[in-house]
$ cat entry_16.cif   # mmCIF, C-alpha atoms
data_protein
#
loop_
_atom_site.label_atom_id
_atom_site.label_comp_id
_atom_site.auth_asym_id
_atom_site.auth_seq_id
_atom_site.Cartn_x
_atom_site.Cartn_y
_atom_site.Cartn_z
CA MET A 45 42.71 100.85 72.28
CA ASN A 46 45.95 101.36 74.19
CA THR A 47 47.68 104.68 73.34
CA ASN A 48 51.03 103.00 72.68
CA LEU A 49 49.36 100.58 70.28
CA ARG A 50 47.82 103.55 68.43
CA VAL A 51 51.22 105.24 68.19
CA TRP A 52 52.72 102.00 66.84
CA LEU A 53 49.94 101.71 64.22
CA ALA A 54 50.45 105.36 63.22
CA LEU A 55 54.18 104.73 62.82
CA LEU A 56 53.52 101.70 60.60
CA ALA A 57 51.03 103.69 58.50
CA LEU A 58 53.51 106.55 58.05
CA THR A 59 56.19 104.05 57.00
CA ALA A 60 53.83 102.56 54.40
CA ILE A 61 53.15 106.07 53.04
CA GLU A 62 56.90 106.72 52.81
CA VAL A 63 57.49 103.51 50.83
CA ALA A 64 54.63 104.39 48.45
CA LEU A 65 55.98 107.94 48.03
CA ALA A 66 59.41 106.64 46.99
CA TYR A 67 57.90 105.32 43.75
CA LEU A 68 56.18 108.57 42.74
CA GLN A 69 57.87 110.41 39.89
CA VAL A 70 58.38 113.74 41.63
CA PRO A 71 61.45 116.03 41.69
CA GLN A 72 64.19 114.94 44.08
CA ALA A 73 63.87 118.05 46.30
CA TRP A 74 60.13 117.45 46.87
CA MET A 75 60.75 113.80 47.60
CA LEU A 76 63.42 114.73 50.15
CA LEU A 77 61.13 117.28 51.79
CA ALA A 78 58.21 114.82 52.01
CA LEU A 79 60.30 111.96 53.40
CA VAL A 80 62.08 114.14 55.97
CA GLY A 81 58.73 115.69 56.98
CA LEU A 82 57.12 112.29 57.54
CA SER A 83 60.21 111.02 59.38
CA THR A 84 60.12 114.06 61.66
CA VAL A 85 56.49 113.26 62.53
CA LYS A 86 57.57 109.67 63.29
CA ALA A 87 60.46 110.96 65.45
CA LEU A 88 58.03 113.19 67.38
CA LEU A 89 55.72 110.22 67.99
CA ILE A 90 58.60 108.05 69.24
CA GLY A 91 60.14 110.84 71.33
CA GLY A 92 56.84 112.10 72.72
CA TRP A 93 55.10 108.85 73.57
CA PHE A 94 57.59 105.94 73.55
CA MET A 95 60.38 108.00 75.17
CA HIS A 96 57.80 109.71 77.37
CA LEU A 97 59.09 113.22 76.66
CA LYS A 98 55.53 114.54 76.32
CA PHE A 99 54.90 113.58 79.93
CA GLU A 100 58.14 114.91 81.43
CA ARG A 101 58.58 118.33 82.99
CA ARG A 102 58.83 121.02 80.32
CA SER A 103 62.28 122.10 81.55
CA LEU A 104 63.72 118.80 80.25
CA PHE A 105 62.28 119.42 76.78
CA VAL A 106 63.52 123.03 76.79
CA ALA A 107 67.02 121.96 77.87
CA LEU A 108 67.42 119.25 75.24
CA ILE A 109 65.38 119.73 72.10
CA PRO A 110 66.09 123.36 71.02
CA THR A 111 69.84 122.60 71.09
CA LEU A 112 69.38 119.64 68.77
CA THR A 113 66.98 121.56 66.51
CA VAL A 114 69.36 124.52 66.08
CA PHE A 115 72.23 122.15 65.34
CA ILE A 116 70.24 120.37 62.62
CA LEU A 117 69.03 123.67 61.13
CA LEU A 118 72.64 124.89 60.95
CA LEU A 119 73.59 121.67 59.14
CA LEU A 120 70.72 122.21 56.70
CA GLY A 121 72.39 125.47 55.71
CA PHE A 122 74.96 123.43 53.78
CA LEU A 123 72.38 121.56 51.72
CA PRO A 124 71.65 124.17 48.98
CA ASP A 125 75.37 124.06 48.20
CA ALA A 126 74.97 120.44 47.08
CA THR A 127 73.17 121.57 43.93
CA ARG A 128 75.67 124.40 43.36
CA ALA A 129 78.57 121.93 43.61
CA LEU A 130 77.03 120.10 40.66
CA GLU A 131 77.08 123.26 38.48
CA MET A 132 80.64 124.10 39.49
CA ARG A 133 82.06 120.81 38.21
CA PRO A 134 84.41 121.23 35.20
CA GLN A 135 82.66 120.18 31.99
CA MET B 250 64.74 131.01 102.92
CA ASN B 251 63.83 131.12 99.23
CA VAL B 252 65.25 127.93 97.66
CA THR B 253 65.46 127.77 93.88
CA ALA B 254 66.27 124.87 91.59
CA TRP B 255 69.75 126.38 91.15
CA SER B 256 70.54 126.26 94.88
CA GLY B 257 71.33 122.56 94.62
CA GLY B 258 69.71 119.65 96.37
CA THR B 259 66.72 119.67 94.02
CA ARG B 260 66.05 118.07 90.66
CA PRO B 261 65.17 120.80 88.14
CA PHE B 262 64.11 118.24 85.52
CA ALA B 263 62.26 116.03 88.03
CA ILE B 264 64.10 112.93 86.80
CA GLY B 265 66.91 110.83 88.25
CA SER B 266 70.55 111.29 87.29
CA LYS B 267 70.64 108.01 85.30
CA LYS B 268 67.74 109.10 83.13
CA LEU B 269 69.21 112.58 82.63
CA GLY B 270 72.54 110.98 81.72
CA MET B 271 70.87 108.80 79.10
CA TRP B 272 68.99 111.79 77.67
CA LEU B 273 72.28 113.71 77.34
CA PHE B 274 73.83 110.69 75.61
CA VAL B 275 70.85 110.43 73.26
CA ILE B 276 71.16 114.10 72.28
CA SER B 277 74.93 113.87 71.70
CA ASP B 278 74.51 110.68 69.65
CA SER B 279 71.74 112.40 67.67
CA LEU B 280 74.30 115.02 66.65
CA THR B 281 76.58 112.27 65.31
CA PHE B 282 73.85 110.63 63.25
CA ALA B 283 72.46 113.99 62.07
CA THR B 284 75.91 114.94 60.75
CA LEU B 285 76.44 111.60 59.01
CA LEU B 286 73.00 111.70 57.40
CA MET B 287 73.55 115.29 56.28
CA VAL B 288 76.87 114.29 54.69
CA TYR B 289 75.14 111.40 52.94
CA THR B 290 72.30 113.61 51.65
CA TYR B 291 74.75 116.28 50.45
CA LEU B 292 76.76 113.71 48.48
CA ARG B 293 73.58 112.05 47.20
CA ILE B 294 72.34 115.37 45.71
CA ALA B 295 75.75 116.57 44.46
CA THR B 296 76.61 113.33 42.63
CA PRO B 297 74.69 112.72 39.39
CA THR B 298 76.07 109.18 39.09
CA TRP B 299 74.80 108.16 42.53
CA PRO B 300 73.80 104.47 42.35
CA HIS B 301 70.19 103.29 42.86
CA PRO B 302 70.84 99.75 44.07
CA PHE B 303 67.66 99.25 46.10
CA ALA B 304 65.18 97.18 44.10
CA PHE B 305 61.71 96.66 45.63
CA SER B 306 62.57 93.01 46.08
CA PRO B 307 64.64 92.21 48.06
CA SER B 308 66.06 95.54 49.37
CA ILE B 309 62.96 97.66 50.06
CA LEU B 310 60.96 94.66 51.27
CA PHE B 311 63.80 93.72 53.61
CA ALA B 312 64.29 97.28 54.87
CA SER B 313 60.51 97.66 55.40
CA LEU B 314 60.49 94.40 57.36
CA MET B 315 63.44 95.68 59.41
CA THR B 316 61.47 98.87 60.12
CA PHE B 317 58.48 96.79 61.23
CA VAL B 318 60.72 94.71 63.53
CA LEU B 319 62.27 97.82 65.14
CA LEU B 320 58.92 99.59 65.60
CA SER B 321 57.46 96.42 67.14
CA SER B 322 60.46 96.13 69.43
CA SER B 323 59.80 99.68 70.67
CA LEU B 324 56.20 98.72 71.45
CA ALA B 325 57.50 95.69 73.37
CA MET B 326 59.94 97.94 75.27
CA VAL B 327 57.20 100.41 76.24
CA THR B 328 55.16 97.45 77.52
CA ALA B 329 58.18 96.22 79.53
CA VAL B 330 58.67 99.65 81.15
CA HIS B 331 54.95 99.83 81.98
CA ALA B 332 55.00 96.31 83.49
CA MET B 333 58.06 97.17 85.61
CA GLN B 334 56.39 100.35 86.86
CA GLN B 335 53.41 98.22 87.88
CA GLY B 336 55.78 95.91 89.77
CA ASP B 337 55.18 92.98 87.40
CA ARG B 338 58.76 91.74 87.02
CA ILE B 339 57.86 88.50 85.18
CA SER B 340 56.00 90.37 82.46
CA ALA B 341 58.76 93.01 82.29
CA VAL B 342 61.43 90.33 81.76
CA ARG B 343 59.34 88.69 79.03
CA TRP B 344 58.92 91.97 77.13
CA ILE B 345 62.57 93.02 77.61
CA PHE B 346 63.72 89.75 76.05
CA THR B 347 61.15 90.13 73.26
CA THR B 348 62.71 93.53 72.52
CA ALA B 349 66.24 92.10 72.54
CA ALA B 350 65.12 89.25 70.25
CA CYS B 351 63.70 91.80 67.79
CA GLY B 352 67.08 93.55 67.88
CA VAL B 353 68.84 90.30 66.99
CA GLY B 354 66.29 89.73 64.20
CA PHE B 355 67.04 93.20 62.85
CA ILE B 356 70.78 92.47 62.82
CA VAL B 357 70.27 89.16 60.97
CA LEU B 358 68.10 90.85 58.30
CA HIS B 359 70.59 93.68 57.94
CA ALA B 360 73.54 91.28 57.69
CA MET B 361 71.75 89.50 54.82
CA GLU B 362 71.26 92.84 53.07
CA TRP B 363 74.94 93.72 53.61
CA ALA B 364 76.04 90.34 52.21
CA ARG B 365 74.08 91.04 49.04
CA LEU B 366 75.40 94.59 48.62
CA LEU B 367 79.02 93.62 49.34
CA LYS B 368 78.97 91.49 46.18
CA GLU B 369 77.95 94.47 44.02
CA THR B 370 80.25 96.98 42.34
CA PHE B 371 79.09 100.58 42.59
CA THR B 372 79.74 103.30 40.03
CA GLU B 373 80.29 105.75 42.88
CA PRO B 374 82.70 104.63 45.65
CA LEU B 375 81.33 107.32 47.99
CA PHE B 376 78.05 105.40 48.09
CA GLY B 377 79.69 102.34 49.63
CA ALA B 378 81.73 104.45 52.05
CA THR B 379 78.74 106.37 53.39
CA PHE B 380 76.20 103.53 53.23
CA PHE B 381 78.32 101.05 55.18
CA THR B 382 79.48 103.70 57.67
CA ILE B 383 75.99 104.88 58.58
CA THR B 384 74.23 101.52 58.56
CA GLY B 385 77.26 99.92 60.27
CA LEU B 386 77.21 102.49 63.05
CA HIS B 387 73.48 101.99 63.46
CA MET B 388 73.85 98.21 63.50
CA THR B 389 76.54 98.58 66.20
CA HIS B 390 74.05 100.57 68.27
CA VAL B 391 71.44 97.83 67.80
CA ALA B 392 73.96 95.14 68.83
CA ILE B 393 74.97 97.12 71.94
CA GLY B 394 71.27 97.65 72.69
CA ALA B 395 70.52 93.92 72.44
CA ILE B 396 73.40 93.16 74.85
CA TYR B 397 72.33 96.00 77.20
CA LEU B 398 68.73 94.72 77.27
CA THR B 399 69.90 91.14 77.87
CA VAL B 400 71.91 92.34 80.90
CA ILE B 401 68.96 94.39 82.19
CA GLY B 402 66.47 91.54 81.55
CA THR B 403 68.69 89.01 83.34
CA GLY B 404 69.14 91.41 86.27
CA VAL B 405 65.42 92.11 86.56
CA ALA B 406 64.73 88.35 86.53
CA ARG B 407 67.15 87.98 89.46
CA GLY B 408 65.42 90.73 91.42
CA LYS B 409 67.98 93.41 90.65
CA PHE B 410 67.41 96.81 88.97
CA THR B 411 64.60 99.30 89.46
CA ALA B 412 61.85 100.55 87.14
CA GLU B 413 64.08 103.54 86.38
CA ASP B 414 66.89 101.26 85.15
CA VAL B 415 64.46 99.57 82.75
CA GLU B 416 63.14 102.95 81.60
CA VAL B 417 66.69 104.21 80.96
CA SER B 418 67.50 101.13 78.84
CA GLY B 419 64.19 101.77 77.04
CA LEU B 420 65.27 105.34 76.25
CA TYR B 421 68.39 103.98 74.54
CA TRP B 422 66.37 101.42 72.60
CA HIS B 423 63.78 103.93 71.37
CA PHE B 424 66.59 106.20 70.25
CA VAL B 425 68.04 103.41 68.11
CA ASP B 426 64.57 102.97 66.60
CA LEU B 427 64.23 106.74 66.06
CA VAL B 428 67.53 106.93 64.15
CA TRP B 429 66.38 104.19 61.79
CA MET B 430 63.27 106.30 61.01
CA PHE B 431 65.70 108.67 59.22
CA VAL B 432 68.18 106.12 57.87
CA PHE B 433 65.47 104.13 56.07
CA PRO B 434 63.98 107.00 53.98
CA LEU B 435 67.18 108.99 53.42
CA ILE B 436 69.33 106.05 52.37
CA TYR B 437 66.97 103.39 51.04
CA LEU B 438 63.90 105.24 49.80
CA MET B 439 65.87 108.11 48.21
CA SER B 440 67.77 105.59 46.08
CA VAL B 441 65.20 103.01 45.04
CA SER B 442 65.78 101.55 41.60
CA GLY B 443 62.94 102.72 39.38
CA GLY B 444 62.27 105.76 41.56
CA PRO B 445 62.91 109.42 40.64
CA ARG B 446 66.49 110.44 39.77
#
$ encode --input "entry_16.cif" --output "structure tokens"
Amino acid sequence: MNTNLRVWLALLALTAIEVALAYLQVPQAWMLLALVGLSTVKALLIGGWFMHLKFERRSLFVALIPTLTVFILLLLGFLPDATRALEMRPQ
Amino acid sequence: MNVTAWSGGTRPFAIGSKKLGMWLFVISDSLTFATLLMVYTYLRIATPTWPHPFAFSPSILFASLMTFVLLSSSLAMVTAVHAMQQGDRISAVRWIFTTAACGVGFIVLHAMEWARLLKETFTEPLFGATFFTITGLHMTHVAIGAIYLTVIGTGVARGKFTAEDVEVSGLYWHFVDLVWMFVFPLIYLMSVSGGPR
């Protein structure tokens, strides 16, 4: 089977898993972690195969992706505050 | 003389300037969407009264169908790029227009979803503000992508544009698809009605 077709099927399967996960009664934080994890795998599949990044020279990957990753990790630093904001609300 | 990549006159990334330009755009646009989605997630967690308006039918079914349409459009785009690299312009044009048609289909489905949600009143106004901003910005990207692909497809049919031009338009299209892979779970699946609170 064509590699791109396999990637497409994998992306559809991961989407189906995400939809099923949304109806599990698990804590919000775990749900968020699972959905973001699966979406990151999907993003890697799209970026690597559909956008051909896997087959480009490594210098392109090194120039682009670490920047984006650090930016997103810095943004994630704000997220724990979201639960703290809830506790700080006046009763 | 020892010539390095930094001496000029060489391509350190081994890609053309158009493709590098599109990659730089993709990364900068990723920062925009990452920030918006982080803002949404922050508000979603910090607000106990956050609405859960997405019932399985029609919202999740619609959004899943939209995901299927976008993923299929990406497969069509990859096929178009491959055909163009093989020099098969007729096949490339066919697949480029298939991709653009999927984009239009996505917009129609999304517009129907918007029309339904615009009639609802939400307990938390921030939901409407963030939901319509993020999905609206994404829909704008899809609309621009559909127009971009139509221009490229028409040009290729007339014998203009190279395989690189098609690949660059493909990069943009896959990026639009990639963004939706985060919008769908973070906005729709995190707020399904009947799901965890």
$ atom_distance --input "entry_16.cif" --atom1 "atom CA of B:Ser279" --atom2 "atom CA of B:Phe311"
24.7 Å
$ residues_around --input "entry_16.cif" --residues "stretch 363-369 of chain B" --least-positions-apart "3" --cutoff "10 Å" --atoms "only C-alpha atoms" --output "list of chain:residue names"
B:Pro302, B:Phe303, B:Pro307, B:Ser308, B:Val357, B:Leu358, B:His359, B:Ala360, B:Thr372, B:Gly377, B:Phe380, B:Phe381, B:Thr384, B:Gly385
$ resolve_selection --input "entry_16.cif" --expression "the PyMOL selection byres ((chain A) within 6 of (chain B))" --output "list in words"
Ala66, Tyr67, Gln69, Ser83, Ala87, Met95, Ser103, Leu104, Leu123, Ala126, Thr127 and Leu130 of chain A
$ residues_around --input "entry_16.cif" --residues "B:Met388" --least-positions-apart "4" --cutoff "9 Å" --atoms "all atoms listed in the file" --output "list of chain:residue names"
B:Phe355, B:Ile356, B:His359, B:Ile383, B:Thr384, B:Ala392, B:Ile393
$ atom_distance --input "entry_16.cif" --atom1 "atom CA of A:Thr47" --atom2 "atom CA of B:Ala332"
15.1 Å
$ atom_distance --input "entry_16.cif" --atom1 "atom CA of B:Val405" --atom2 "atom CA of B:Leu386"
28.3 Å
$ resolve_selection --input "entry_16.cif" --expression "the PyMOL selection byres ((chain B and resi 404) around 12)" --output "mmCIF file with C-alpha atoms, in the coordinates of the input"
data_model
loop_
_atom_site.group_PDB
_atom_site.id
_atom_site.type_symbol
_atom_site.label_atom_id
_atom_site.label_comp_id
_atom_site.auth_asym_id
_atom_site.auth_seq_id
_atom_site.Cartn_x
_atom_site.Cartn_y
_atom_site.Cartn_z
ATOM 1 C CA ARG B 338 58.760 91.740 87.020
ATOM 2 C CA ILE B 339 57.860 88.500 85.180
ATOM 3 C CA ALA B 341 58.760 93.010 82.290
ATOM 4 C CA VAL B 342 61.430 90.330 81.760
ATOM 5 C CA ILE B 345 62.570 93.020 77.610
ATOM 6 C CA PHE B 346 63.720 89.750 76.050
ATOM 7 C CA TYR B 397 72.330 96.000 77.200
ATOM 8 C CA LEU B 398 68.730 94.720 77.270
ATOM 9 C CA THR B 399 69.900 91.140 77.870
ATOM 10 C CA VAL B 400 71.910 92.340 80.900
ATOM 11 C CA ILE B 401 68.960 94.390 82.190
ATOM 12 C CA GLY B 402 66.470 91.540 81.550
ATOM 13 C CA THR B 403 68.690 89.010 83.340
ATOM 14 C CA VAL B 405 65.420 92.110 86.560
ATOM 15 C CA ALA B 406 64.730 88.350 86.530
ATOM 16 C CA ARG B 407 67.150 87.980 89.460
ATOM 17 C CA GLY B 408 65.420 90.730 91.420
ATOM 18 C CA LYS B 409 67.980 93.410 90.650
ATOM 19 C CA PHE B 410 67.410 96.810 88.970
ATOM 20 C CA THR B 411 64.600 99.300 89.460
ATOM 21 C CA ALA B 412 61.850 100.550 87.140
ATOM 22 C CA ASP B 414 66.890 101.260 85.150
ATOM 23 C CA VAL B 415 64.460 99.570 82.750
#
